[in-house]
$ cat entry.txt   # compact mmCIF, C-alpha atoms (C1' of nucleotides)
# COMPACT_ATOMS: atom_id res chain seq x y z
CA MET G 1 -22.95 3.59 27.81
CA ALA G 2 -20.39 5.77 29.55
CA THR G 3 -21.91 9.06 28.45
CA ARG G 4 -20.03 10.92 31.05
CA SER G 5 -20.93 14.58 30.64
CA GLU G 6 -23.96 16.39 31.95
CA ALA G 7 -25.40 16.61 28.42
CA PRO G 8 -28.82 18.10 29.17
CA GLU G 9 -29.67 19.88 25.97
CA GLY G 10 -27.57 21.48 23.29
CA THR G 11 -24.54 20.84 25.46
CA GLU G 12 -21.92 19.07 23.39
CA GLN G 13 -20.75 15.78 24.80
CA THR G 14 -17.15 15.59 25.96
CA TRP G 15 -14.72 12.90 27.13
CA THR G 16 -11.70 12.62 29.40
CA ILE G 17 -8.35 11.30 28.29
CA ARG G 18 -8.99 7.94 29.94
CA GLU G 19 -12.28 7.57 28.17
CA VAL G 20 -10.98 8.21 24.67
CA ALA G 21 -7.91 6.08 25.36
CA GLU G 22 -10.01 3.13 26.46
CA GLU G 23 -12.51 3.59 23.68
CA PHE G 24 -9.82 3.41 21.02
CA ASP G 25 -7.83 0.83 22.94
CA VAL G 26 -4.64 2.83 23.33
CA THR G 27 -2.93 4.20 26.45
CA HIS G 28 -3.32 7.77 27.67
CA ARG G 29 0.39 8.14 27.02
CA THR G 30 -0.23 7.47 23.36
CA VAL G 31 -2.99 10.07 23.23
CA ARG G 32 -0.69 12.63 24.81
CA HIS G 33 2.08 11.69 22.43
CA TYR G 34 -0.18 12.48 19.51
CA GLU G 35 -0.96 15.81 21.12
CA GLU G 36 2.76 16.57 21.49
CA LEU G 37 3.13 16.01 17.76
CA GLY G 38 0.21 18.32 17.08
CA LEU G 39 -2.15 15.65 15.79
CA ILE G 40 -4.86 16.47 18.30
CA SER G 41 -5.41 19.58 20.40
CA PRO G 42 -8.09 19.01 22.99
CA GLU G 43 -9.70 21.87 24.84
CA ARG G 44 -8.18 22.77 28.20
CA ARG G 45 -10.40 23.39 31.21
CA GLY G 46 -7.72 24.74 33.51
CA THR G 47 -5.08 22.09 33.19
CA THR G 48 -7.38 19.22 32.30
CA ARG G 49 -7.88 17.99 28.77
CA ILE G 50 -11.41 17.91 27.40
CA TYR G 51 -12.01 15.86 24.27
CA HIS G 52 -14.78 16.64 21.81
CA ARG G 53 -16.22 14.66 18.91
CA ARG G 54 -13.75 16.39 16.63
CA ASP G 55 -10.85 14.95 18.63
CA ARG G 56 -12.31 11.48 18.50
CA THR G 57 -12.71 11.74 14.75
CA ARG G 58 -9.10 12.74 14.37
CA LEU G 59 -7.94 9.96 16.67
CA GLY G 60 -9.82 7.51 14.50
CA LEU G 61 -8.08 8.85 11.41
CA ILE G 62 -4.71 8.65 13.14
CA LEU G 63 -5.15 5.03 14.13
CA ARG G 64 -6.36 4.01 10.71
CA GLY G 65 -3.34 5.74 9.26
CA LYS G 66 -1.18 3.74 11.60
CA ARG G 67 -2.82 0.49 10.62
CA LEU G 68 -1.96 1.41 7.05
CA GLY G 69 1.64 1.92 8.10
CA PHE G 70 1.97 5.68 7.72
CA PRO G 71 4.38 7.50 10.03
CA LEU G 72 2.78 9.96 12.41
CA GLU G 73 4.33 13.00 10.76
CA GLU G 74 2.79 12.04 7.46
CA ILE G 75 -0.52 11.35 9.15
CA ARG G 76 -0.43 14.86 10.51
CA THR G 77 -0.09 16.38 7.07
CA ILE G 78 -2.96 14.21 5.89
CA ILE G 79 -5.47 15.09 8.55
CA ASP G 80 -4.36 18.69 8.53
CA LEU G 81 -5.24 18.62 4.88
CA TYR G 82 -8.83 17.83 5.79
CA ASP G 83 -9.27 21.12 7.59
CA ALA G 84 -6.86 23.27 5.67
CA PRO G 85 -8.13 26.68 4.57
CA ARG G 86 -9.95 26.49 1.26
CA GLY G 87 -11.27 30.00 0.96
CA ARG G 88 -9.17 31.18 -1.91
CA ARG G 89 -8.80 29.55 -5.30
CA SER G 90 -5.06 29.06 -4.90
CA GLN G 91 -5.61 27.31 -1.60
CA LEU G 92 -8.20 25.00 -3.08
CA GLU G 93 -5.94 24.14 -5.96
CA TYR G 94 -3.15 23.29 -3.56
CA VAL G 95 -5.46 21.05 -1.58
CA LEU G 96 -6.61 19.31 -4.75
CA ALA G 97 -3.03 18.69 -5.77
CA GLN G 98 -2.30 17.18 -2.35
CA ILE G 99 -5.34 14.97 -2.73
CA ASP G 100 -3.94 13.61 -5.96
CA GLU G 101 -0.64 12.76 -4.31
CA ARG G 102 -2.38 11.01 -1.47
CA ARG G 103 -4.52 9.03 -3.84
CA ALA G 104 -1.51 7.91 -5.86
CA ASP G 105 0.14 6.70 -2.68
CA LEU G 106 -2.93 4.84 -1.49
CA GLU G 107 -3.46 3.22 -4.86
CA GLN G 108 0.13 1.99 -4.91
CA ARG G 109 -0.54 0.40 -1.58
CA ARG G 110 -3.66 -1.20 -2.86
CA ARG G 111 -1.75 -2.71 -5.75
CA ASP G 112 0.80 -4.12 -3.33
CA LEU G 113 -1.99 -5.43 -1.17
CA ASP G 114 -3.81 -7.09 -4.04
CA ASP G 115 -0.58 -8.65 -5.25
CA ALA G 116 0.06 -10.02 -1.81
CA LEU G 117 -3.45 -11.43 -1.62
CA THR G 118 -3.38 -13.15 -5.00
CA GLU G 119 0.03 -14.60 -4.22
CA LEU G 120 -1.30 -15.89 -0.96
CA GLY G 121 -4.22 -17.42 -2.82
CA ARG G 122 -1.95 -19.21 -5.27
CA PHE G 123 0.13 -20.47 -2.40
CA GLU G 124 -2.93 -21.79 -0.66
CA ASP G 125 -4.00 -23.61 -3.81
CA ARG G 126 -0.62 -25.30 -4.02
CA CYS G 127 -0.84 -26.29 -0.39
CA ARG G 128 -4.31 -27.76 -0.80
CA GLU G 129 -3.14 -29.68 -3.82
CA ASP G 130 -0.21 -31.06 -1.87
CA LEU G 131 -2.58 -31.95 0.92
CA SER G 132 -4.88 -33.86 -1.40
CA LYS G 133 -1.93 -36.01 -2.45
CA ILE G 134 -1.09 -37.04 1.05
CA PRO G 135 -3.00 -40.21 1.92
CA ARG G 136 -5.23 -40.54 4.96
CA MET V 1 22.64 -4.15 -18.10
CA ALA V 2 24.95 -4.84 -15.21
CA THR V 3 24.96 -8.60 -15.62
CA ARG V 4 28.03 -8.94 -13.50
CA SER V 5 28.82 -12.61 -13.31
CA GLU V 6 30.77 -14.75 -15.75
CA ALA V 7 27.53 -16.55 -16.76
CA PRO V 8 28.78 -18.72 -19.59
CA GLU V 9 26.25 -21.53 -19.76
CA GLY V 10 24.07 -23.16 -17.18
CA THR V 11 25.88 -21.10 -14.57
CA GLU V 12 23.32 -19.39 -12.43
CA GLN V 13 23.51 -15.63 -12.47
CA THR V 14 24.59 -13.94 -9.25
CA TRP V 15 24.84 -10.40 -7.88
CA THR V 16 26.90 -8.46 -5.38
CA ILE V 17 25.45 -6.58 -2.46
CA ARG V 18 25.82 -3.26 -4.26
CA GLU V 19 24.00 -4.55 -7.26
CA VAL V 20 20.96 -5.82 -5.42
CA ALA V 21 20.92 -2.72 -3.22
CA GLU V 22 20.90 -0.42 -6.21
CA GLU V 23 18.41 -2.50 -8.09
CA PHE V 24 15.93 -2.33 -5.23
CA ASP V 25 16.87 1.24 -4.36
CA VAL V 26 18.02 0.61 -0.81
CA THR V 27 21.45 0.92 0.80
CA HIS V 28 23.79 -2.02 1.30
CA ARG V 29 23.43 -1.36 5.02
CA THR V 30 19.73 -2.10 4.73
CA VAL V 31 20.39 -5.34 2.90
CA ARG V 32 22.83 -6.43 5.57
CA HIS V 33 20.38 -5.45 8.26
CA TYR V 34 17.84 -7.80 6.75
CA GLU V 35 20.47 -10.50 6.79
CA GLU V 36 21.17 -9.86 10.47
CA LEU V 37 17.49 -10.41 11.16
CA GLY V 38 17.55 -13.62 9.18
CA LEU V 39 15.37 -12.40 6.33
CA ILE V 40 17.96 -13.23 3.67
CA SER V 41 20.96 -15.51 3.78
CA PRO V 42 23.16 -15.03 0.73
CA GLU V 43 25.87 -17.47 -0.19
CA ARG V 44 29.37 -16.69 1.06
CA ARG V 45 32.35 -17.01 -1.22
CA GLY V 46 35.08 -16.57 1.38
CA THR V 47 33.94 -13.42 3.11
CA THR V 48 32.03 -11.97 0.20
CA ARG V 49 28.26 -12.20 -0.15
CA ILE V 50 26.86 -13.70 -3.32
CA TYR V 51 23.19 -13.09 -4.08
CA HIS V 52 21.10 -15.46 -6.15
CA ARG V 53 17.65 -15.08 -7.70
CA ARG V 54 16.16 -16.56 -4.56
CA ASP V 55 17.61 -13.72 -2.50
CA ARG V 56 16.27 -11.13 -4.90
CA THR V 57 12.82 -12.66 -4.70
CA ARG V 58 12.89 -12.51 -0.93
CA LEU V 59 14.13 -8.94 -0.95
CA GLY V 60 11.23 -8.03 -3.18
CA LEU V 61 8.81 -9.62 -0.75
CA ILE V 62 10.44 -7.84 2.17
CA LEU V 63 10.15 -4.44 0.56
CA ARG V 64 6.57 -4.97 -0.46
CA GLY V 65 5.83 -5.99 3.10
CA LYS V 66 7.43 -2.79 4.27
CA ARG V 67 5.39 -0.70 1.86
CA LEU V 68 2.37 -2.35 3.40
CA GLY V 69 3.57 -1.29 6.84
CA PHE V 70 4.49 -4.65 8.33
CA PRO V 71 7.34 -4.79 10.85
CA LEU V 72 10.35 -6.78 9.75
CA GLU V 73 9.85 -9.50 12.33
CA GLU V 74 6.37 -10.17 11.02
CA ILE V 75 7.66 -10.09 7.48
CA ARG V 76 10.13 -12.78 8.41
CA THR V 77 7.40 -15.11 9.63
CA ILE V 78 5.50 -14.45 6.42
CA ILE V 79 8.24 -15.22 3.95
CA ASP V 80 9.45 -18.10 6.08
CA LEU V 81 5.96 -19.44 5.69
CA TYR V 82 6.47 -19.59 1.93
CA ASP V 83 9.26 -22.11 2.26
CA ALA V 84 8.23 -23.88 5.40
CA PRO V 85 8.31 -27.68 5.31
CA ARG V 86 5.06 -29.09 3.96
CA GLY V 87 5.91 -32.73 3.73
CA ARG V 88 3.67 -34.02 6.47
CA ARG V 89 -0.06 -33.49 6.80
CA SER V 90 0.24 -31.74 10.13
CA GLN V 91 2.76 -29.33 8.68
CA LEU V 92 0.53 -28.54 5.75
CA GLU V 93 -2.41 -27.95 8.02
CA TYR V 94 -0.37 -25.56 10.11
CA VAL V 95 0.69 -23.66 7.01
CA LEU V 96 -2.91 -23.45 5.83
CA ALA V 97 -3.97 -22.05 9.18
CA GLN V 98 -1.24 -19.43 8.99
CA ILE V 99 -2.41 -18.51 5.52
CA ASP V 100 -5.87 -17.83 6.87
CA GLU V 101 -4.50 -15.53 9.53
CA ARG V 102 -2.44 -13.63 7.00
CA ARG V 103 -5.40 -13.25 4.73
CA ALA V 104 -7.59 -11.88 7.50
CA ASP V 105 -4.92 -9.31 8.30
CA LEU V 106 -4.51 -8.28 4.69
CA GLU V 107 -8.22 -7.95 4.20
CA GLN V 108 -8.53 -5.71 7.24
CA ARG V 109 -5.91 -3.51 5.69
CA ARG V 110 -7.77 -3.43 2.44
CA ARG V 111 -10.89 -2.30 4.23
CA ASP V 112 -8.97 0.51 5.87
CA LEU V 113 -7.45 1.38 2.56
CA ASP V 114 -10.75 1.44 0.73
CA ASP V 115 -12.30 3.56 3.47
CA ALA V 116 -9.47 6.03 3.19
CA LEU V 117 -9.86 6.17 -0.57
CA THR V 118 -13.60 6.75 -0.60
CA GLU V 119 -13.23 9.39 2.08
CA LEU V 120 -10.59 11.07 -0.02
CA GLY V 121 -12.93 10.93 -2.99
CA ARG V 122 -15.77 12.57 -1.07
CA PHE V 123 -13.40 15.24 0.13
CA GLU V 124 -12.25 15.90 -3.41
CA ASP V 125 -15.83 16.27 -4.56
CA ARG V 126 -16.49 18.83 -1.87
CA CYS V 127 -13.37 20.74 -2.86
CA ARG V 128 -14.32 20.75 -6.53
CA GLU V 129 -17.75 21.99 -5.63
CA ASP V 130 -16.26 24.78 -3.56
CA LEU V 131 -13.96 25.59 -6.44
CA SER V 132 -16.84 25.88 -8.89
CA LYS V 133 -18.44 28.47 -6.64
CA ILE V 134 -15.41 30.69 -6.63
CA PRO V 135 -15.67 33.15 -9.52
CA ARG V 136 -12.98 33.52 -12.15
C1' DC U 1 -9.08 16.07 56.72
C1' DT U 2 -7.10 12.19 54.80
C1' DT U 3 -7.51 8.72 51.22
C1' DG U 4 -8.09 7.21 46.59
C1' DA U 5 -8.85 7.79 41.83
C1' DC U 6 -7.67 10.32 38.12
C1' DG U 7 -5.27 14.15 36.12
C1' DT U 8 -0.88 16.77 35.03
C1' DT U 9 4.20 17.67 33.53
C1' DG U 10 8.86 16.41 32.85
C1' DA U 11 12.50 13.19 32.06
C1' DC U 12 14.55 9.11 30.98
C1' DG U 13 14.20 4.16 28.85
C1' DT U 14 13.42 1.05 25.05
C1' DC U 15 12.90 -1.15 20.67
C1' DA U 16 12.91 -1.20 15.65
C1' DA U 17 15.13 0.11 11.61
C1' DC U 18 18.43 1.60 9.94
C1' DG U 19 22.70 5.54 9.31
C1' DT U 20 27.43 6.44 9.74
C1' DA U 21 32.09 6.35 10.78
C1' DA U 22 36.47 3.61 11.43
C1' DA U 23 39.45 0.31 9.94
C1' DG U 24 40.76 -3.56 7.34
C1' DC U 25 41.26 -7.07 3.23
C1' DA U 26 41.41 -8.03 -1.96
C1' DA U 27 41.33 -7.40 -6.61
C1' DT U 28 41.90 -4.34 -10.52
C1' DA U 29 43.98 0.29 -12.55
C1' DC U 30 47.97 2.76 -13.50
C1' DG M 1 55.14 -1.30 -6.84
C1' DT M 2 51.05 2.22 -5.15
C1' DA M 3 46.41 3.79 -5.55
C1' DT M 4 41.80 3.29 -6.04
C1' DT M 5 37.58 0.68 -5.76
C1' DG M 6 34.55 -2.39 -3.63
C1' DC M 7 33.60 -5.39 -0.14
C1' DT M 8 33.97 -6.66 4.70
C1' DT M 9 33.26 -6.23 10.07
C1' DT M 10 32.77 -3.67 14.38
C1' DA M 11 30.59 -0.39 16.76
C1' DC M 12 28.31 3.56 18.08
C1' DG M 13 24.56 7.17 16.62
C1' DT M 14 19.81 8.48 15.28
C1' DT M 15 14.84 8.71 14.66
C1' DG M 16 10.11 7.34 15.54
C1' DA M 17 6.87 5.82 18.67
C1' DC M 18 5.86 5.22 22.45
C1' DG M 19 6.62 3.01 27.86
C1' DT M 20 7.69 4.04 32.49
C1' DC M 21 8.57 6.48 36.51
C1' DA M 22 8.69 10.38 39.73
C1' DA M 23 6.53 14.11 41.72
C1' DC M 24 2.74 16.73 42.16
C1' DG M 25 -2.35 18.93 41.72
C1' DT M 26 -7.55 18.14 42.41
C1' DC M 27 -11.75 16.66 43.70
C1' DA M 28 -15.49 13.57 45.65
C1' DA M 29 -16.10 9.98 49.41
C1' DG M 30 -15.63 8.48 53.98
$ encode --input "entry.txt" --output "structure tokens"
Amino acid sequence: MATRSEAPEGTEQTWTIREVAEEFDVTHRTVRHYEELGLISPERRGTTRIYHRRDRTRLGLILRGKRLGFPLEEIRTIIDLYDAPRGRRSQLEYVLAQIDERRADLEQRRRDLDDALTELGRFEDRCREDLSKIPR
Amino acid sequence: MATRSEAPEGTEQTWTIREVAEEFDVTHRTVRHYEELGLISPERRGTTRIYHRRDRTRLGLILRGKRLGFPLEEIRTIIDLYDAPRGRRSQLEYVLAQIDERRADLEQRRRDLDDALTELGRFEDRCREDLSKIPR
DNA sequence: CTTGACGTTGACGTCAACGTAAAGCAATAC
DNA sequence: GTATTGCTTTACGTTGACGTCAACGTCAAG
């Protein structure tokens, strides 16, 4: 569905800004905003933006980051991490250190999330108990 | 430590705005902002705000909600839910329905979070592998 | 060749979540 | 007394994350 490009053989599939925007259910303005912040950098054919699979992957990461409540600047450092240079040992060690920080952050969030869920569960139990005491 | 009030016996302990702000590591401006939005409503002794345990509990909930990335308005509906009237059956059923919605939201977040964590783990593995191939 | 449909770049608007500065009251410190 | 804290309100400023609008280019269809 909606495989727009001429994709005969070997030719990589591409998308327009409208297409990626609709696919991820955001506006084209949002997509361009992310580009202004350096989160995506689509190919330019003349003045027109051409989006590749790579861009769609990154957009997916961005939106998941947003659902998790990260600010865009932080999201940028995260996804940049994924294709940071890792040729030299020092670079790899830096990346590994960053990974640890990220993980600590995410695990804190998971603790908060689990707390919130168990609290909600206890609250529901209380409510159901109350309900059982109300006649009719 | 910093038990400000005159707390002789039976008297409930209270706190000033500075005290709660420092305890939760936010500014007093932030605390007042939450009050403006109706998320907390401390007692007033004349013009001065007096915070009780109830207010501290709510502030804790607010900040956890923020760490989870919820907007303050949504946080308000959540914590209001916790002390909504549940006397009548219809009210209880409404509350239970809200609880379900909340839970669905939180579980979506947990999925996102778990995805992010496993992805991070895979990435770390790749990095460690790369590292093992670099001599010295 | 004109009309859409879609693309582009500014530039300004808006809303949330506070920060910050100005100015005042009120109790303790000296 | 005055001075210093600590609390208060009022009010404007800032930052992030877009929305919205104007003005224009481009290309296939009629």
$ calpha_fit_and_write --input "entry.txt" --fixed "chain V" --moving "chain G" --output "PDB file with C-alpha atoms, in the coordinates of the input"
ATOM      1  CA  MET G   1      22.376  -4.513 -18.392  1.00  0.00           C
ATOM      2  CA  ALA G   2      24.787  -5.122 -15.537  1.00  0.00           C
ATOM      3  CA  THR G   3      24.798  -8.894 -15.873  1.00  0.00           C
ATOM      4  CA  ARG G   4      27.903  -9.170 -13.862  1.00  0.00           C
ATOM      5  CA  SER G   5      28.700 -12.866 -13.586  1.00  0.00           C
ATOM      6  CA  GLU G   6      30.470 -15.056 -16.085  1.00  0.00           C
ATOM      7  CA  ALA G   7      27.180 -16.790 -16.950  1.00  0.00           C
ATOM      8  CA  PRO G   8      28.309 -18.988 -19.844  1.00  0.00           C
ATOM      9  CA  GLU G   9      25.855 -21.834 -19.732  1.00  0.00           C
ATOM     10  CA  GLY G  10      23.892 -23.419 -16.941  1.00  0.00           C
ATOM     11  CA  THR G  11      25.792 -21.216 -14.525  1.00  0.00           C
ATOM     12  CA  GLU G  12      23.309 -19.425 -12.309  1.00  0.00           C
ATOM     13  CA  GLN G  13      23.583 -15.669 -12.344  1.00  0.00           C
ATOM     14  CA  THR G  14      24.689 -13.997  -9.131  1.00  0.00           C
ATOM     15  CA  TRP G  15      24.959 -10.451  -7.765  1.00  0.00           C
ATOM     16  CA  THR G  16      27.072  -8.544  -5.265  1.00  0.00           C
ATOM     17  CA  ILE G  17      25.658  -6.631  -2.343  1.00  0.00           C
ATOM     18  CA  ARG G  18      26.099  -3.316  -4.143  1.00  0.00           C
ATOM     19  CA  GLU G  19      24.239  -4.573  -7.152  1.00  0.00           C
ATOM     20  CA  VAL G  20      21.171  -5.802  -5.301  1.00  0.00           C
ATOM     21  CA  ALA G  21      21.185  -2.701  -3.105  1.00  0.00           C
ATOM     22  CA  GLU G  22      21.212  -0.388  -6.100  1.00  0.00           C
ATOM     23  CA  GLU G  23      18.687  -2.446  -7.991  1.00  0.00           C
ATOM     24  CA  PHE G  24      16.171  -2.240  -5.168  1.00  0.00           C
ATOM     25  CA  ASP G  25      17.176   1.296  -4.279  1.00  0.00           C
ATOM     26  CA  VAL G  26      18.266   0.637  -0.715  1.00  0.00           C
ATOM     27  CA  THR G  27      21.697   0.906   0.926  1.00  0.00           C
ATOM     28  CA  HIS G  28      24.014  -2.049   1.459  1.00  0.00           C
ATOM     29  CA  ARG G  29      23.597  -1.397   5.164  1.00  0.00           C
ATOM     30  CA  THR G  30      19.909  -2.111   4.829  1.00  0.00           C
ATOM     31  CA  VAL G  31      20.584  -5.364   2.996  1.00  0.00           C
ATOM     32  CA  ARG G  32      22.964  -6.445   5.736  1.00  0.00           C
ATOM     33  CA  HIS G  33      20.464  -5.446   8.376  1.00  0.00           C
ATOM     34  CA  TYR G  34      17.920  -7.767   6.826  1.00  0.00           C
ATOM     35  CA  GLU G  35      20.519 -10.511   6.871  1.00  0.00           C
ATOM     36  CA  GLU G  36      21.193  -9.895  10.575  1.00  0.00           C
ATOM     37  CA  LEU G  37      17.495 -10.413  11.218  1.00  0.00           C
ATOM     38  CA  GLY G  38      17.553 -13.624   9.216  1.00  0.00           C
ATOM     39  CA  LEU G  39      15.409 -12.375   6.351  1.00  0.00           C
ATOM     40  CA  ILE G  40      17.994 -13.208   3.716  1.00  0.00           C
ATOM     41  CA  SER G  41      20.988 -15.533   3.854  1.00  0.00           C
ATOM     42  CA  PRO G  42      23.192 -15.084   0.828  1.00  0.00           C
ATOM     43  CA  GLU G  43      25.846 -17.599  -0.082  1.00  0.00           C
ATOM     44  CA  ARG G  44      29.345 -16.896   1.211  1.00  0.00           C
ATOM     45  CA  ARG G  45      32.346 -17.241  -1.080  1.00  0.00           C
ATOM     46  CA  GLY G  46      35.016 -16.895   1.575  1.00  0.00           C
ATOM     47  CA  THR G  47      33.896 -13.774   3.335  1.00  0.00           C
ATOM     48  CA  THR G  48      32.066 -12.203   0.418  1.00  0.00           C
ATOM     49  CA  ARG G  49      28.319 -12.337   0.016  1.00  0.00           C
ATOM     50  CA  ILE G  50      26.927 -13.809  -3.185  1.00  0.00           C
ATOM     51  CA  TYR G  51      23.286 -13.117  -3.973  1.00  0.00           C
ATOM     52  CA  HIS G  52      21.163 -15.451  -6.065  1.00  0.00           C
ATOM     53  CA  ARG G  53      17.745 -15.019  -7.657  1.00  0.00           C
ATOM     54  CA  ARG G  54      16.211 -16.480  -4.526  1.00  0.00           C
ATOM     55  CA  ASP G  55      17.685 -13.653  -2.449  1.00  0.00           C
ATOM     56  CA  ARG G  56      16.392 -11.044  -4.839  1.00  0.00           C
ATOM     57  CA  THR G  57      12.929 -12.550  -4.681  1.00  0.00           C
ATOM     58  CA  ARG G  58      12.972 -12.413  -0.918  1.00  0.00           C
ATOM     59  CA  LEU G  59      14.253  -8.846  -0.921  1.00  0.00           C
ATOM     60  CA  GLY G  60      11.361  -7.910  -3.158  1.00  0.00           C
ATOM     61  CA  LEU G  61       8.919  -9.501  -0.735  1.00  0.00           C
ATOM     62  CA  ILE G  62      10.555  -7.719   2.187  1.00  0.00           C
ATOM     63  CA  LEU G  63      10.292  -4.309   0.581  1.00  0.00           C
ATOM     64  CA  ARG G  64       6.703  -4.824  -0.446  1.00  0.00           C
ATOM     65  CA  GLY G  65       5.963  -5.856   3.104  1.00  0.00           C
ATOM     66  CA  LYS G  66       7.559  -2.659   4.274  1.00  0.00           C
ATOM     67  CA  ARG G  67       5.533  -0.564   1.882  1.00  0.00           C
ATOM     68  CA  LEU G  68       2.481  -2.206   3.407  1.00  0.00           C
ATOM     69  CA  GLY G  69       3.713  -1.196   6.840  1.00  0.00           C
ATOM     70  CA  PHE G  70       4.597  -4.580   8.308  1.00  0.00           C
ATOM     71  CA  PRO G  71       7.425  -4.740  10.844  1.00  0.00           C
ATOM     72  CA  LEU G  72      10.448  -6.730   9.761  1.00  0.00           C
ATOM     73  CA  GLU G  73       9.920  -9.468  12.329  1.00  0.00           C
ATOM     74  CA  GLU G  74       6.458 -10.105  10.992  1.00  0.00           C
ATOM     75  CA  ILE G  75       7.760 -10.025   7.444  1.00  0.00           C
ATOM     76  CA  ARG G  76      10.199 -12.730   8.397  1.00  0.00           C
ATOM     77  CA  THR G  77       7.457 -15.036   9.590  1.00  0.00           C
ATOM     78  CA  ILE G  78       5.572 -14.364   6.376  1.00  0.00           C
ATOM     79  CA  ILE G  79       8.322 -15.142   3.930  1.00  0.00           C
ATOM     80  CA  ASP G  80       9.508 -18.024   6.045  1.00  0.00           C
ATOM     81  CA  LEU G  81       6.021 -19.357   5.639  1.00  0.00           C
ATOM     82  CA  TYR G  82       6.548 -19.514   1.893  1.00  0.00           C
ATOM     83  CA  ASP G  83       9.320 -22.057   2.224  1.00  0.00           C
ATOM     84  CA  ALA G  84       8.262 -23.804   5.378  1.00  0.00           C
ATOM     85  CA  PRO G  85       8.318 -27.605   5.315  1.00  0.00           C
ATOM     86  CA  ARG G  86       5.093 -29.025   3.941  1.00  0.00           C
ATOM     87  CA  GLY G  87       5.936 -32.687   3.762  1.00  0.00           C
ATOM     88  CA  ARG G  88       3.657 -33.953   6.452  1.00  0.00           C
ATOM     89  CA  ARG G  89      -0.073 -33.408   6.739  1.00  0.00           C
ATOM     90  CA  SER G  90       0.220 -31.654  10.090  1.00  0.00           C
ATOM     91  CA  GLN G  91       2.750 -29.251   8.647  1.00  0.00           C
ATOM     92  CA  LEU G  92       0.541 -28.456   5.694  1.00  0.00           C
ATOM     93  CA  GLU G  93      -2.415 -27.843   7.936  1.00  0.00           C
ATOM     94  CA  TYR G  94      -0.372 -25.458  10.034  1.00  0.00           C
ATOM     95  CA  VAL G  95       0.715 -23.580   6.941  1.00  0.00           C
ATOM     96  CA  LEU G  96      -2.874 -23.353   5.728  1.00  0.00           C
ATOM     97  CA  ALA G  97      -3.968 -21.967   9.063  1.00  0.00           C
ATOM     98  CA  GLN G  98      -1.220 -19.335   8.889  1.00  0.00           C
ATOM     99  CA  ILE G  99      -2.366 -18.438   5.404  1.00  0.00           C
ATOM    100  CA  ASP G 100      -5.835 -17.757   6.727  1.00  0.00           C
ATOM    101  CA  GLU G 101      -4.489 -15.439   9.400  1.00  0.00           C
ATOM    102  CA  ARG G 102      -2.418 -13.556   6.887  1.00  0.00           C
ATOM    103  CA  ARG G 103      -5.350 -13.185   4.566  1.00  0.00           C
ATOM    104  CA  ALA G 104      -7.564 -11.838   7.337  1.00  0.00           C
ATOM    105  CA  ASP G 105      -4.926  -9.255   8.153  1.00  0.00           C
ATOM    106  CA  LEU G 106      -4.475  -8.201   4.549  1.00  0.00           C
ATOM    107  CA  GLU G 107      -8.200  -7.946   3.983  1.00  0.00           C
ATOM    108  CA  GLN G 108      -8.579  -5.713   7.029  1.00  0.00           C
ATOM    109  CA  ARG G 109      -5.971  -3.483   5.516  1.00  0.00           C
ATOM    110  CA  ARG G 110      -7.768  -3.433   2.245  1.00  0.00           C
ATOM    111  CA  ARG G 111     -10.955  -2.351   3.965  1.00  0.00           C
ATOM    112  CA  ASP G 112      -9.081   0.466   5.668  1.00  0.00           C
ATOM    113  CA  LEU G 113      -7.528   1.411   2.373  1.00  0.00           C
ATOM    114  CA  ASP G 114     -10.821   1.444   0.511  1.00  0.00           C
ATOM    115  CA  ASP G 115     -12.410   3.504   3.261  1.00  0.00           C
ATOM    116  CA  ALA G 116      -9.599   5.988   3.041  1.00  0.00           C
ATOM    117  CA  LEU G 117      -9.954   6.192  -0.724  1.00  0.00           C
ATOM    118  CA  THR G 118     -13.710   6.726  -0.750  1.00  0.00           C
ATOM    119  CA  GLU G 119     -13.380   9.352   1.958  1.00  0.00           C
ATOM    120  CA  LEU G 120     -10.753  11.081  -0.083  1.00  0.00           C
ATOM    121  CA  GLY G 121     -13.071  10.955  -3.073  1.00  0.00           C
ATOM    122  CA  ARG G 122     -15.927  12.537  -1.148  1.00  0.00           C
ATOM    123  CA  PHE G 123     -13.589  15.207   0.099  1.00  0.00           C
ATOM    124  CA  GLU G 124     -12.441  15.947  -3.404  1.00  0.00           C
ATOM    125  CA  ASP G 125     -16.035  16.277  -4.567  1.00  0.00           C
ATOM    126  CA  ARG G 126     -16.721  18.807  -1.837  1.00  0.00           C
ATOM    127  CA  CYS G 127     -13.623  20.734  -2.783  1.00  0.00           C
ATOM    128  CA  ARG G 128     -14.563  20.821  -6.454  1.00  0.00           C
ATOM    129  CA  GLU G 129     -18.022  21.995  -5.541  1.00  0.00           C
ATOM    130  CA  ASP G 130     -16.575  24.763  -3.410  1.00  0.00           C
ATOM    131  CA  LEU G 131     -14.281  25.658  -6.262  1.00  0.00           C
ATOM    132  CA  SER G 132     -17.145  25.930  -8.719  1.00  0.00           C
ATOM    133  CA  LYS G 133     -18.784  28.479  -6.428  1.00  0.00           C
ATOM    134  CA  ILE G 134     -15.800  30.740  -6.366  1.00  0.00           C
ATOM    135  CA  PRO G 135     -16.059  33.241  -9.218  1.00  0.00           C
ATOM    136  CA  ARG G 136     -13.342  33.755 -11.802  1.00  0.00           C
TER     137      ARG G 136
END
$ residues_around --input "entry.txt" --residues "segment 12-28 of chain M" --least-positions-apart "3" --cutoff "8 Å" --atoms "all atoms listed in the file" --output "list in words"
Arg29, Thr30, His33 and Pro71 of chain G; DG7, DT8, DG13, DT14, DG19 and DT20 of chain U
$ residues_around --input "entry.txt" --residues "Asp105 of chain G" --least-positions-apart "5" --cutoff "12 Å" --atoms "all atoms listed in the file" --output "list in words"
Leu68, Gly69, Phe70, Glu74, Ile78, Gln98, Ile99, Asp100, Arg110, Arg111 and Asp112 of chain G; Arg67, Leu68, Leu113, Ala116, Leu117 and Leu120 of chain V
